[in-house]
file structure.cif (mmCIF, C-alpha atoms)
data_input
#
loop_
_atom_site.group_PDB
_atom_site.id
_atom_site.type_symbol
_atom_site.label_atom_id
_atom_site.label_comp_id
_atom_site.auth_asym_id
_atom_site.auth_seq_id
_atom_site.Cartn_x
_atom_site.Cartn_y
_atom_site.Cartn_z
ATOM 1 C CA MET A 12 -34.767 -11.267 0.478
ATOM 2 C CA ARG A 13 -34.501 -7.536 -0.164
ATOM 3 C CA GLY A 14 -32.917 -7.111 3.226
ATOM 4 C CA LEU A 15 -30.183 -9.528 2.157
ATOM 5 C CA ILE A 16 -29.643 -7.608 -1.068
ATOM 6 C CA TYR A 17 -29.039 -4.458 0.960
ATOM 7 C CA LEU A 18 -27.160 -5.925 3.895
ATOM 8 C CA VAL A 19 -24.851 -8.577 2.428
ATOM 9 C CA PRO A 20 -22.807 -6.310 0.095
ATOM 10 C CA THR A 21 -22.524 -3.638 2.789
ATOM 11 C CA ALA A 22 -21.636 -6.108 5.545
ATOM 12 C CA LEU A 23 -19.057 -7.907 3.377
ATOM 13 C CA THR A 24 -17.476 -4.615 2.324
ATOM 14 C CA PHE A 25 -17.095 -3.455 5.935
ATOM 15 C CA TYR A 26 -15.876 -6.893 7.007
ATOM 16 C CA LEU A 27 -13.200 -6.962 4.276
ATOM 17 C CA LEU A 28 -12.106 -3.429 5.154
ATOM 18 C CA TYR A 29 -11.913 -4.434 8.825
ATOM 19 C CA GLU A 30 -9.780 -7.474 7.925
ATOM 20 C CA VAL A 31 -7.429 -5.285 5.843
ATOM 21 C CA PHE A 32 -7.074 -2.834 8.756
ATOM 22 C CA VAL A 33 -6.368 -5.668 11.211
ATOM 23 C CA PHE A 34 -3.870 -7.296 8.834
ATOM 24 C CA ILE A 35 -1.943 -4.052 8.309
ATOM 25 C CA ASP A 36 -2.015 -3.266 12.042
ATOM 26 C CA GLU A 37 -0.595 -6.740 12.774
ATOM 27 C CA ILE A 38 2.334 -6.491 10.331
ATOM 28 C CA LEU A 39 3.638 -3.323 11.958
ATOM 29 C CA PRO A 40 6.262 -4.067 14.629
ATOM 30 C CA PHE A 41 4.719 -1.765 17.246
ATOM 31 C CA ASN A 42 1.331 -1.349 18.918
ATOM 32 C CA LEU A 43 -0.944 1.397 17.663
ATOM 33 C CA PRO A 44 -4.634 2.145 18.063
ATOM 34 C CA PRO A 45 -6.770 0.236 15.525
ATOM 35 C CA GLY A 46 -6.687 1.751 12.048
ATOM 36 C CA PHE A 47 -3.460 3.706 12.477
ATOM 37 C CA GLY A 48 -1.600 1.051 10.514
ATOM 38 C CA VAL A 49 -3.570 1.919 7.388
ATOM 39 C CA LEU A 50 -2.926 5.616 7.952
ATOM 40 C CA ILE A 51 0.820 4.964 8.347
ATOM 41 C CA MET A 52 0.847 2.778 5.197
ATOM 42 C CA LEU A 53 -0.942 5.487 3.152
ATOM 43 C CA ILE A 54 1.488 8.137 4.391
ATOM 44 C CA LEU A 55 4.447 5.852 3.632
ATOM 45 C CA ILE A 56 3.192 5.062 0.098
ATOM 46 C CA THR A 57 2.593 8.759 -0.593
ATOM 47 C CA LEU A 58 6.017 9.686 0.776
ATOM 48 C CA VAL A 59 7.786 7.016 -1.300
ATOM 49 C CA GLY A 60 5.902 8.179 -4.403
ATOM 50 C CA TYR A 61 6.834 11.797 -3.783
ATOM 51 C CA LEU A 62 10.483 11.057 -3.000
ATOM 52 C CA GLY A 63 10.676 8.657 -5.932
ATOM 53 C CA SER A 64 9.432 11.270 -8.365
ATOM 54 C CA THR A 65 11.582 14.114 -7.006
ATOM 55 C CA LEU A 66 14.826 12.616 -5.676
ATOM 56 C CA ILE A 67 15.372 9.385 -7.558
ATOM 57 C CA THR A 68 16.569 10.168 -11.043
ATOM 58 C CA ASP A 69 15.826 8.036 -14.071
ATOM 59 C CA ARG A 70 19.468 6.997 -14.083
ATOM 60 C CA ILE A 71 19.268 5.479 -10.580
ATOM 61 C CA LYS A 72 15.875 3.921 -11.317
ATOM 62 C CA ASN A 73 17.151 2.386 -14.558
ATOM 63 C CA TYR A 74 20.242 1.051 -12.779
ATOM 64 C CA LEU A 75 18.151 -0.612 -10.049
ATOM 65 C CA GLU A 76 15.765 -2.092 -12.637
ATOM 66 C CA LYS A 77 18.745 -3.393 -14.621
ATOM 67 C CA ILE A 78 19.949 -5.272 -11.521
ATOM 68 C CA ILE A 79 16.465 -6.653 -10.892
ATOM 69 C CA LYS A 80 16.082 -7.758 -14.535
ATOM 70 C CA ARG A 81 19.318 -9.761 -14.291
ATOM 71 C CA THR A 82 18.101 -11.694 -11.258
ATOM 72 C CA PRO A 83 16.228 -14.883 -12.218
ATOM 73 C CA LEU A 84 12.732 -15.332 -10.801
ATOM 74 C CA ILE A 85 12.767 -11.884 -9.193
ATOM 75 C CA SER A 86 12.831 -10.322 -12.660
ATOM 76 C CA VAL A 87 9.739 -12.302 -13.698
ATOM 77 C CA ILE A 88 7.823 -11.380 -10.539
ATOM 78 C CA TYR A 89 8.891 -7.720 -10.601
ATOM 79 C CA GLY A 90 8.245 -7.348 -14.336
ATOM 80 C CA SER A 91 4.802 -8.929 -14.134
ATOM 81 C CA ILE A 92 3.710 -6.794 -11.192
ATOM 82 C CA LYS A 93 5.095 -3.613 -12.760
ATOM 83 C CA ASP A 94 3.380 -4.323 -16.089
ATOM 84 C CA LEU A 95 0.084 -5.041 -14.371
ATOM 85 C CA ILE A 96 0.229 -1.849 -12.294
ATOM 86 C CA THR A 97 1.202 0.345 -15.264
ATOM 87 C CA ALA A 98 -1.604 -1.230 -17.313
ATOM 88 C CA PHE A 99 -4.132 0.406 -14.982
ATOM 89 C CA VAL A 100 -2.384 3.558 -13.727
ATOM 90 C CA GLY A 101 0.287 5.927 -14.918
ATOM 91 C CA GLN A 102 0.873 7.567 -18.254
ATOM 92 C CA LYS A 103 0.983 4.372 -20.338
ATOM 93 C CA LYS A 104 -2.387 2.825 -19.489
ATOM 94 C CA SER A 105 -2.885 -0.345 -21.538
ATOM 95 C CA PHE A 106 -6.642 -0.596 -21.202
ATOM 96 C CA SER A 107 -7.472 2.821 -22.619
ATOM 97 C CA LYS A 108 -9.216 1.756 -25.848
ATOM 98 C CA PRO A 109 -12.494 -0.025 -25.053
ATOM 99 C CA VAL A 110 -13.943 -1.977 -27.977
ATOM 100 C CA MET A 111 -16.600 -4.467 -28.978
ATOM 101 C CA VAL A 112 -15.254 -7.545 -30.785
ATOM 102 C CA LYS A 113 -17.297 -9.762 -33.092
ATOM 103 C CA LEU A 114 -16.635 -13.457 -32.460
ATOM 104 C CA TYR A 115 -16.488 -14.273 -36.175
ATOM 105 C CA GLU A 116 -17.350 -12.695 -39.520
ATOM 106 C CA ASN A 117 -21.037 -11.723 -39.866
ATOM 107 C CA SER A 118 -21.575 -12.631 -36.214
ATOM 108 C CA LYS A 119 -24.241 -10.952 -34.147
ATOM 109 C CA ILE A 120 -22.478 -12.160 -31.003
ATOM 110 C CA ALA A 121 -19.748 -9.931 -29.577
ATOM 111 C CA ARG A 122 -17.583 -9.479 -26.497
ATOM 112 C CA VAL A 123 -16.167 -6.343 -24.929
ATOM 113 C CA GLY A 124 -12.461 -5.799 -24.447
ATOM 114 C CA PHE A 125 -9.534 -3.426 -24.799
ATOM 115 C CA VAL A 126 -7.101 -2.880 -27.660
ATOM 116 C CA THR A 127 -3.641 -3.388 -26.165
ATOM 117 C CA ASP A 128 -1.450 -3.375 -29.291
ATOM 118 C CA GLU A 129 -2.205 -2.237 -32.818
ATOM 119 C CA ASP A 130 1.235 -3.002 -34.263
ATOM 120 C CA LEU A 131 2.165 -6.694 -34.093
ATOM 121 C CA SER A 132 5.204 -6.403 -36.357
ATOM 122 C CA GLU A 133 7.477 -7.368 -33.422
ATOM 123 C CA LEU A 134 5.760 -10.763 -33.535
ATOM 124 C CA GLN A 135 6.277 -10.966 -37.323
ATOM 125 C CA ILE A 136 2.509 -10.679 -37.812
ATOM 126 C CA LYS A 137 1.832 -8.583 -40.874
ATOM 127 C CA ASP A 138 -1.890 -9.232 -41.277
ATOM 128 C CA ASP A 139 -4.464 -6.665 -40.257
ATOM 129 C CA LEU A 140 -4.596 -8.233 -36.793
ATOM 130 C CA ILE A 141 -4.508 -6.265 -33.549
ATOM 131 C CA ALA A 142 -4.220 -7.460 -29.940
ATOM 132 C CA VAL A 143 -7.388 -7.278 -27.842
ATOM 133 C CA TYR A 144 -7.565 -8.210 -24.160
ATOM 134 C CA ILE A 145 -10.927 -9.625 -23.142
ATOM 135 C CA PRO A 146 -11.473 -9.828 -19.361
ATOM 136 C CA HIS A 147 -13.341 -12.705 -17.753
ATOM 137 C CA SER A 148 -16.472 -12.080 -15.717
ATOM 138 C CA TYR A 149 -16.206 -12.476 -11.929
ATOM 139 C CA ASN A 150 -12.470 -13.015 -12.189
ATOM 140 C CA ILE A 151 -9.243 -11.036 -12.414
ATOM 141 C CA SER A 152 -8.092 -12.890 -15.505
ATOM 142 C CA GLY A 153 -8.751 -12.680 -19.202
ATOM 143 C CA ASN A 154 -7.514 -13.727 -22.627
ATOM 144 C CA LEU A 155 -5.511 -12.013 -25.318
ATOM 145 C CA PHE A 156 -6.884 -12.436 -28.826
ATOM 146 C CA LEU A 157 -5.391 -11.393 -32.152
ATOM 147 C CA VAL A 158 -8.392 -10.070 -34.035
ATOM 148 C CA PRO A 159 -8.867 -8.609 -37.528
ATOM 149 C CA LYS A 160 -9.338 -4.842 -37.355
ATOM 150 C CA SER A 161 -12.615 -5.204 -39.232
ATOM 151 C CA TYR A 162 -14.066 -7.135 -36.258
ATOM 152 C CA ILE A 163 -13.474 -4.195 -33.898
ATOM 153 C CA THR A 164 -15.923 -1.428 -33.046
ATOM 154 C CA PRO A 165 -14.611 1.319 -30.726
ATOM 155 C CA LEU A 166 -16.854 2.085 -27.762
ATOM 156 C CA ASP A 167 -17.384 5.565 -26.332
ATOM 157 C CA VAL A 168 -17.194 4.603 -22.649
ATOM 158 C CA LYS A 169 -14.628 5.069 -19.915
ATOM 159 C CA SER A 170 -12.215 2.142 -19.686
ATOM 160 C CA ALA A 171 -12.808 1.722 -15.957
ATOM 161 C CA GLU A 172 -16.575 1.575 -16.502
ATOM 162 C CA LEU A 173 -16.242 -1.062 -19.234
ATOM 163 C CA MET A 174 -13.888 -3.128 -17.070
ATOM 164 C CA LYS A 175 -16.384 -3.047 -14.174
ATOM 165 C CA TYR A 176 -19.162 -3.992 -16.592
ATOM 166 C CA ALA A 177 -17.217 -6.923 -18.077
ATOM 167 C CA VAL A 178 -15.912 -8.265 -14.770
ATOM 168 C CA SER A 179 -19.376 -8.061 -13.189
ATOM 169 C CA GLY A 180 -20.872 -10.126 -15.995
ATOM 170 C CA GLY A 181 -22.900 -7.163 -17.241
ATOM 171 C CA VAL A 182 -24.607 -6.560 -13.902
ATOM 172 C CA VAL A 183 -23.028 -3.154 -13.184
ATOM 173 C CA ARG A 184 -24.494 -0.259 -15.166
ATOM 174 C CA ILE A 185 -22.136 1.881 -17.235
ATOM 175 C CA GLU A 186 -22.159 5.549 -16.234
ATOM 176 C CA GLU A 187 -22.345 8.277 -18.861
ATOM 177 C CA ASN A 188 -19.012 9.184 -20.461
ATOM 178 C CA GLU A 189 -18.150 12.781 -19.495
ATOM 179 C CA GLU A 190 -14.765 12.935 -21.243
#

call {"tool": "encode", "arguments": {"input": "structure.cif", "output": "structure tokens"}}
result
Amino acid sequence: MRGLIYLVPTALTFYLLYEVFVFIDEILPFNLPPGFGVLIMLILITLVGYLGSTLITDRIKNYLEKIIKRTPLISVIYGSIKDLITAFVGQKKSFSKPVMVKLYENSKIARVGFVTDEDLSELQIKDDLIAVYIPHSYNISGNLFLVPKSYITPLDVKSAELMKYAVSGGVVRIEENEE
């Protein structure tokens, strides 16, 4: 059984990486040695990022986004993907405040999550409620709860470590916070 514990995660990781390499190699319109497709994609992504941050001005970017936002369906897809990406990377990370949330008053049961909005006045909510995203274990989904501030306890851990911990169902150990 121990052999399986060591081999299965390693074998599945290498298999998934192999499948990603093969998939990327197959979508390119020309034949290259195996693995070069991933290298080309990484170079292309880096180049687009560099050119986007140096050549494309905010004015052009805003104009293109304005066109996309006016297009039905595409605006929903684009907006959702952009919000999801910026939630994890960039300057406006949404999951940067890890917390523990009590399920109800005087509860000894709690969940872990992330404060995503402390001002709900745009929703006409004037109570002491704040928005907390609680991820599901073994899934890439979660729920948004409006929770009284008194139910929240900030946690001194890295957001990425808490997300791994929550998504793994508490199996992954949290590394020491060196911030």

call {"tool": "closest_residue", "arguments": {"input": "structure.cif", "among": "A:Ser91, A:Ile96, A:Ser170, A:Tyr29", "to": "Val126 of chain A", "atoms": "all atoms listed in the file"}}
result
A:Ser170

call {"tool": "closest_residue", "arguments": {"input": "structure.cif", "among": "A:Pro146, A:Gly180, A:Gly124, A:Gly46", "to": "Thr164 of chain A", "atoms": "only C-alpha atoms"}}
result
A:Gly124

call {"tool": "resolve_selection", "arguments": {"input": "structure.cif", "expression": "the PyMOL selection byres ((chain A and resi 140) around 12)", "output": "PyMOL selection string"}}
result
chain A and resi 126-132+134-139+141-143+156-163

call {"tool": "atom_distance", "arguments": {"input": "structure.cif", "atom1": "atom CA of Leu27 of chain A", "atom2": "atom CA of Phe106 of chain A"}}
result
27.1 Å

call {"tool": "closest_residue", "arguments": {"input": "structure.cif", "among": "A:Val59, A:Ile151, A:Met52, A:Ile67", "to": "Leu95 of chain A", "atoms": "only C-alpha atoms"}}
result
A:Ile151

call {"tool": "atom_distance", "arguments": {"input": "structure.cif", "atom1": "atom CA of Tyr144 of chain A", "atom2": "atom CA of Lys93 of chain A"}}
result
17.6 Å

call {"tool": "residues_around", "arguments": {"input": "structure.cif", "residues": "Tyr149 of chain A", "least_positions_apart": "2", "cutoff": "7 Å", "atoms": "all atoms listed in the file", "output": "mmCIF file with C-alpha atoms, in the frame of the given file"}}
result
data_model
loop_
_atom_site.group_PDB
_atom_site.id
_atom_site.type_symbol
_atom_site.label_atom_id
_atom_site.label_comp_id
_atom_site.auth_asym_id
_atom_site.auth_seq_id
_atom_site.Cartn_x
_atom_site.Cartn_y
_atom_site.Cartn_z
ATOM 1 C CA HIS A 147 -13.341 -12.705 -17.753
ATOM 2 C CA VAL A 178 -15.912 -8.265 -14.770
ATOM 3 C CA SER A 179 -19.376 -8.061 -13.189
ATOM 4 C CA GLY A 180 -20.872 -10.126 -15.995
#

call {"tool": "atom_distance", "arguments": {"input": "structure.cif", "atom1": "atom CA of Lys113 of chain A", "atom2": "atom CA of Leu166 of chain A"}}
result
13.0 Å

call {"tool": "resolve_selection", "arguments": {"input": "structure.cif", "expression": "the PyMOL selection byres ((chain A and resi 33) around 12)", "output": "list in words"}}
result
Tyr26, Leu27, Leu28, Tyr29, Glu30, Val31, Phe32, Phe34, Ile35, Asp36, Glu37, Ile38, Leu39, Asn42, Leu43, Pro44, Pro45, Gly46, Phe47, Gly48 and Val49 of chain A
